[in-house]
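Everything on this sheet refers to the single structure shown next.
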Amino acid sequence: MKRFIKFIVKCVLLFFLCAGAFFGYSGYKQYKNLTSNKNVAQIVETIEASPDFIPYDQLPKTLVDATVAIEDRRFFYHHGVDYIGIVRAVASQFVPGMLESGGSTISQQTVKNMYGLFDFSLQRKVAEIFLANDLENTCSKEEIFALYVNIINYGNGYTGIYEASSGYFGLYPQQMNEGQCAILAGIPQSPANYDLVTHFDKAKNRQRLVLEAMVENGYLSQTEAEQVWLMPI
């Protein structure tokens, strides 16, 4: 009986090893095919050449802090893939009271949008990891963050922070108050559900989670978070 159980365990391990090798190789092939047409540096250059591109030094600090806190708290410390974040994301689905978070980093979300990789598959996820590594080797963290907020979906048909701030508030990004920054930071997780025009109440609830994340990560005190919550949107 013990020999049989050991045999089953070995078969299961062999299966996962083979599956990992298959999806790893398939994902690498997808990555090579994608970058053979346009590599990461070429797409970055195209994005940054847009007349509406807002560089990092023109972004409000609160937008940066809020986005990092809710989307990728270890953004400035990992190299494209945050394995600690992945464990935290899994745990947040099961631990009561733990703030839910996603496993994809800002770098991964950036390359996903750069290459239009929106259909989930294990091969695509592997390709995304290779692309995120290329992005980290090509750009500084500040450049990556600017790319992210300039191409991410902010709901209501607005792509990028310039369209979102001008469309929702009639303001340039650098003119937004802290409350507006915090509420926009919560939208990319689910743009259709947090669109400020049709789902303002949901967006406001999401803003509360953003502010909690900012407090948890030391960007705001609880008192400051309450003051931001009360700011006009």
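Ordering of the structure tokens sets the chain letters (A, B, ...), residue numbers begin anew at 1 in every chain, and ligands are numbered from 1 in the order given.
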Margin query: Using DSSP assignments from the backbone, pull out every residue in chain A that falls under helix (DSSP H, G or I) and give it to me as a ChimeraX atom specification.
Written below: /A:2-37,40-48,56-58,61-71,83-92,106-115,122-138,141-151,161-169,173-175,178-185,191-194,200-216,222-229
Please produce, as JSON lines, a per-residue contact table for stretch 30-134 of chain A versus stretch 164-176 of chain A (criterion: any atom at most 8 Å away, only C-alpha atoms considered), showing the nearest atom pair and its distance in Å to one decimal, sorted by chain then residue number.
```
{"residue": "A:Gln58", "atom": "CA", "partner": "A:Gln174", "partner_atom": "CA", "distance": 6.1}
{"residue": "A:Leu59", "atom": "CA", "partner": "A:Gln174", "partner_atom": "CA", "distance": 5.7}
{"residue": "A:Pro60", "atom": "CA", "partner": "A:Gln174", "partner_atom": "CA", "distance": 5.4}
```
Stretch 144-181 of chain A near stretch 225-229 of chain A within 9 Å: what's each residue's closest atom pair and its distance in Å to one decimal, counting only C-alpha atoms, ordered by chain then ascending residue number, as a tab-separated table?
```
residue	atom	partner	partner_atom	distance
A:Asn177	CA	A:Val228	CA	8.7
A:Glu178	CA	A:Val228	CA	6.1
A:Gly179	CA	A:Val228	CA	5.1
A:Gln180	CA	A:Val228	CA	8.8
```
Could you please take those selected residues and save N, CA, C and O atoms as a compact mmCIF listing (two decimals), in the first residue's frame?
```txt
# COMPACT_ATOMS: atom_id res chain seq x y z
N ASN A 177 -7.04 67.18 -6.52
CA ASN A 177 -6.82 67.14 -5.08
C ASN A 177 -6.60 65.69 -4.63
O ASN A 177 -6.70 64.75 -5.43
N GLU A 178 -6.29 65.52 -3.36
CA GLU A 178 -5.95 64.19 -2.86
C GLU A 178 -7.12 63.21 -2.96
O GLU A 178 -6.94 62.02 -3.21
N GLY A 179 -8.33 63.71 -2.74
CA GLY A 179 -9.50 62.85 -2.85
C GLY A 179 -9.70 62.34 -4.26
O GLY A 179 -10.04 61.16 -4.47
N GLN A 180 -9.51 63.21 -5.24
CA GLN A 180 -9.66 62.80 -6.64
C GLN A 180 -8.59 61.79 -7.02
O GLN A 180 -8.85 60.82 -7.73
```
With stretch 27-31 of chain A as the partner and 8 Å as the cut-off, tabulate the residues of stretch 36-146 of chain A that qualify, each row holding the nearest pair of atoms and their distance in Å to one decimal, using only C-alpha atoms, sorted by chain and rising number, as a tab-separated table.
```
residue	atom	partner	partner_atom	distance
A:Leu122	CA	A:Gly27	CA	7.4
A:Gln123	CA	A:Gly27	CA	4.0
A:Arg124	CA	A:Gly27	CA	5.9
A:Lys125	CA	A:Gly27	CA	7.2
A:Val126	CA	A:Gly27	CA	4.8
A:Ala127	CA	A:Gly27	CA	4.6
A:Glu128	CA	A:Tyr31	CA	7.4
A:Phe130	CA	A:Tyr31	CA	6.7
A:Leu131	CA	A:Tyr31	CA	6.8
```
Note to self: So that I can check the surroundings of A:Cys139, please list as a list in words every protein, DNA and RNA residue that reaches within 10 Å of it, counting only C-alpha atoms and ignoring chain neighbours fewer than 4 positions away.
What the structure shows: Val40, Ala41, Val44, Asp134, Leu135, Glu143, Ile144, Phe145 and Leu147 of chain A
Note to self: I'd like the neighbourhood of A:Arg74 as a list in words, where a residue qualifies if any of its atoms comes within 9 Å (using only C-alpha atoms), though same-chain residues fewer than 4 positions away should be ignored.
What the structure shows: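 Here the answer would be Val68, Ala69, His78, Asp82, Ile84, Gly85 and Thr105 of chain A.
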Okay, now the selection with all heavy atoms, as a tab-separated table (two decimals), in the first residue's frame?
```tsv
chain	number	residue	atom	x	y	z
A	68	VAL	N	0.21	52.75	-5.77
A	68	VAL	CA	1.15	51.73	-5.28
A	68	VAL	C	0.54	50.99	-4.10
A	68	VAL	O	0.62	49.76	-4.02
A	68	VAL	CB	2.49	52.38	-4.90
A	68	VAL	CG1	3.39	51.39	-4.15
A	68	VAL	CG2	3.21	52.89	-6.15
A	69	ALA	N	-0.09	51.73	-3.18
A	69	ALA	CA	-0.66	51.10	-1.99
A	69	ALA	C	-1.72	50.07	-2.33
A	69	ALA	O	-1.78	48.99	-1.73
A	69	ALA	CB	-1.25	52.16	-1.07
A	78	HIS	N	10.54	45.13	-5.95
A	78	HIS	CA	10.67	43.88	-6.70
A	78	HIS	C	11.18	44.15	-8.11
A	78	HIS	O	11.31	45.30	-8.53
A	78	HIS	CB	9.33	43.12	-6.74
A	78	HIS	CG	8.23	43.87	-7.42
A	78	HIS	ND1	8.24	44.18	-8.77
A	78	HIS	CD2	7.05	44.38	-6.95
A	78	HIS	CE1	7.16	44.84	-9.10
A	78	HIS	NE2	6.42	44.98	-8.02
A	82	ASP	N	6.29	39.98	-8.11
A	82	ASP	CA	6.36	40.01	-6.65
A	82	ASP	C	5.81	38.71	-6.09
A	82	ASP	O	4.61	38.53	-5.93
A	82	ASP	CB	5.54	41.20	-6.12
A	82	ASP	CG	5.64	41.35	-4.61
A	82	ASP	OD1	6.47	40.66	-4.01
A	82	ASP	OD2	4.88	42.15	-4.05
A	84	ILE	N	6.14	37.51	-3.10
A	84	ILE	CA	5.51	37.75	-1.79
A	84	ILE	C	4.09	38.26	-2.00
A	84	ILE	O	3.15	37.87	-1.30
A	84	ILE	CB	6.34	38.76	-0.97
A	84	ILE	CG1	7.70	38.15	-0.62
A	84	ILE	CG2	5.59	39.18	0.30
A	84	ILE	CD1	8.64	39.10	0.08
A	85	GLY	N	3.92	39.14	-3.00
A	85	GLY	CA	2.59	39.67	-3.31
A	85	GLY	C	1.63	38.58	-3.78
A	85	GLY	O	0.43	38.63	-3.48
A	105	THR	N	1.75	42.58	-10.61
A	105	THR	CA	2.42	43.82	-10.27
A	105	THR	C	2.06	44.92	-11.27
A	105	THR	O	1.48	44.66	-12.33
A	105	THR	CB	3.94	43.64	-10.28
A	105	THR	OG1	4.35	43.34	-11.63
A	105	THR	CG2	4.37	42.51	-9.36
```
Margin query: Considering only C-alpha atoms, can you say which of A:Thr46, A:Thr67, A:Asn133, A:Asn156 comes closest to A:Gln207?
Written below: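 Among the listed residues, the smallest separation from A:Gln207 belongs to A:Thr67.
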Checklist line | Residue among A:Ser104, A:Asn39, A:Asn205, A:Ser121 lying closest to A:Asn193, counting only C-alpha atoms | finding: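 Once distances to A:Asn193 are computed over only C-alpha atoms, the minimum belongs to A:Asn205.
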Notebook entry, point to check: Any idea what's packed within 8 Å of A:Ile183, counting only C-alpha atoms, ignoring anything in its chain fewer than 4 positions away? Could you give it as a list in words?
Noted result: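 Once the adjacent positions are removed, what remains is Gly179, Ile187, Ala203, Lys204, Arg206, Gln207 and Val210 of chain A.
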Atoms kept (C-alpha atoms) for selection, written as a PDB file, in the first residue's frame:
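Saved result, again-v3.pdb, follows:
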```pdb
ATOM      1  CA  GLY A 179      -9.497  62.849  -2.847  1.00  0.00           C
ATOM      2  CA  ILE A 187     -10.702  52.343 -10.658  1.00  0.00           C
ATOM      3  CA  ALA A 203     -16.124  53.988  -6.613  1.00  0.00           C
ATOM      4  CA  LYS A 204     -16.451  55.866  -3.334  1.00  0.00           C
ATOM      5  CA  ARG A 206     -13.397  51.512  -3.350  1.00  0.00           C
ATOM      6  CA  GLN A 207     -11.766  54.812  -2.407  1.00  0.00           C
ATOM      7  CA  VAL A 210      -7.511  52.712  -1.168  1.00  0.00           C
TER       8      VAL A 210
END
```
